[in-house]
Amino acid sequence: MVKDNAWLTRQVAEKRIMPARFGGKTWLLDAAGTAYLPEADWLVVSDLHLEKGSYLRCYGNPVPQLDSQATLHRLSRIITDYQPEVVICLGDSFHDIGSVSRMQDADKALLASLIHQVPRWCWVLGNHDPAIPESVGGERHARLLQDTVGLCHEPEEHWPAAEYQLIGHFHPKTRIRQGRHVYRGKSFLIGQNLMIMPAFGQYTGGLWIDDEVVTSLIPASTRQAFMLYDNCIVRQA
């Protein structure tokens with residue numbers, strides 16, 4: 001639980017955190033790409049895609065194999081800031097079924113320390129990681145429910161208890177024009193009944209929020225977009 005109200009007030013003033021309403025609840029959207037739910041003390045992060053770098057290298061792409069380390073260090077700083085009771089990884093935490101076997105020992109140790117740092121760590125399974133080895137700690141869930149807000153990796157059509165759904169999977173990104181300059185960045189996207197998280201992973205691309213795949217879920221007329229840029233979060237007009 002965030003206990004330093006002065007820190008929180010400063011972060012909001014500096015546009016590093018922005019409160020937003022969704023599902024009858026107030027969420028704190030962080031410029032780092034996480035969403036915090038104060039009433040439940042839940043910190044939600046999506047699409048870590050750990051070991052995407054090593055996966056790409058297997059197919060001849062010479063990218064540096066440092067993405068897991070960078071992603072986990074960023075997540076560590078956020079956990080230190082919020083000190084949550086629960087961390088929820090909203091699917092595609094690992095890029096493929098062989099990710100854990102390819103992780104360097106130092107990265108495995110860092111991940112284990114993060115899992116043990118919080119009272120409860122929940123993996124929501126995604127299409128890239130439908131099974132996570134038991135050697136990795138934490139709980140495994142197909143989906144979670146907080147009152148009427150369902151948390152899952154992709155939208156689910158038949159889930160009566162979930163009037164609202166918080167999902168990942170689509171890696172939304174957007175652009176904002178200010179004068180002659182155009183800024184681009186990952187984005188939170190909120191509609192009437194659906195909220196899409198930005199991808200947190202180091203090597204994650206994304207879909208523009210005007211892509212027909214995204215607008216079929218959240219039409220432009222009903223959406224709120226919050227772009228992440230230069231350690232700030234900005235609401236798109």
# chains A, B, ... in the order shown; residues from 1 in each chain; ligands from 1
call {"tool": "residues_around", "arguments": {"residues": "segment 46-63 of chain A", "least_positions_apart": "2", "cutoff": "9 Å", "atoms": "only C-alpha atoms", "output": "MDAnalysis selection string"}}
result
chainID A and resid 33:34 44 65:69 71:72 88:96 98:100 102:103 126 128 153 167:169 171 197:204
call {"tool": "residues_around", "arguments": {"residues": "Gln11 of chain A", "least_positions_apart": "5", "cutoff": "10 Å", "atoms": "only C-alpha atoms", "output": "list in words"}}
result
Asn5, Ala6, Arg16, Ile17, Met18, Asp30, Ala31 and Cys232 of chain A
call {"tool": "write_last_selection", "arguments": {"atoms": "N, CA and C atoms", "output": "CSV table (one decimal), in the first residue's frame"}}
result
chain,number,residue,atom,x,y,z
A,5,ASN,N,1.9,9.7,1.2
A,5,ASN,CA,0.9,10.6,0.4
A,5,ASN,C,1.6,11.8,-0.2
A,6,ALA,N,2.7,12.2,0.4
A,6,ALA,CA,3.4,13.3,-0.3
A,6,ALA,C,4.0,12.9,-1.6
A,16,ARG,N,3.2,12.0,-13.6
A,16,ARG,CA,3.8,10.6,-13.7
A,16,ARG,C,2.7,9.6,-13.3
A,17,ILE,N,1.7,10.0,-12.6
A,17,ILE,CA,0.5,9.2,-12.2
A,17,ILE,C,-0.7,10.0,-12.5
A,18,MET,N,-1.7,9.3,-13.1
A,18,MET,CA,-3.0,10.0,-13.4
A,18,MET,C,-4.2,9.1,-12.9
A,30,ASP,N,0.0,4.6,-14.1
A,30,ASP,CA,1.4,5.1,-13.9
A,30,ASP,C,2.1,5.2,-15.3
A,31,ALA,N,2.9,6.2,-15.4
A,31,ALA,CA,3.6,6.5,-16.6
A,31,ALA,C,4.6,5.3,-17.0
A,232,CYS,N,6.1,10.5,-18.5
A,232,CYS,CA,4.8,11.2,-18.1
A,232,CYS,C,3.7,10.5,-18.7
call {"tool": "closest_residue", "arguments": {"among": "A:Gly137, A:Phe22, A:Trp7, A:Arg184", "to": "Glu163 of chain A", "atoms": "only C-alpha atoms"}}
result
A:Phe22
call {"tool": "closest_residue", "arguments": {"among": "A:Pro172, A:Pro160, A:Pro38, A:Pro84", "to": "Leu228 of chain A", "atoms": "only C-alpha atoms"}}
result
A:Pro172
call {"tool": "select_by_dssp", "arguments": {"residues": "segment 67-237 of chain A", "states": "helix (DSSP H, G or I)", "output": "PyMOL selection string"}}
result
chain A and resi 67-82+99-102+105-117+212-215+220-222
call {"tool": "select_by_dssp", "arguments": {"residues": "segment 18-230 of chain A", "states": "strand (DSSP E)", "output": "VMD selection string"}}
result
chain A and resid 18 to 22 25 to 30 35 to 37 42 to 45 86 to 89 120 to 124 139 to 141 144 to 146 149 to 151 164 to 167 172 to 178 181 to 190 194 to 196 207 to 208 224 to 229
call {"tool": "residues_around", "arguments": {"residues": "Gln236 of chain A", "least_positions_apart": "2", "cutoff": "8 Å", "atoms": "only C-alpha atoms", "output": "count of residues only"}}
result
6
call {"tool": "atom_distance", "arguments": {"atom1": "atom CA of Ile196 of chain A", "atom2": "atom CA of Gln165 of chain A"}}
result
8.5 Å
call {"tool": "residues_around", "arguments": {"residues": "segment 193-195 of chain A", "least_positions_apart": "4", "cutoff": "12 Å", "atoms": "only C-alpha atoms", "output": "ChimeraX atom specification"}}
result
/A:20-24,27,29,35,46,148-157,162-172,187-189,214-219,222-226
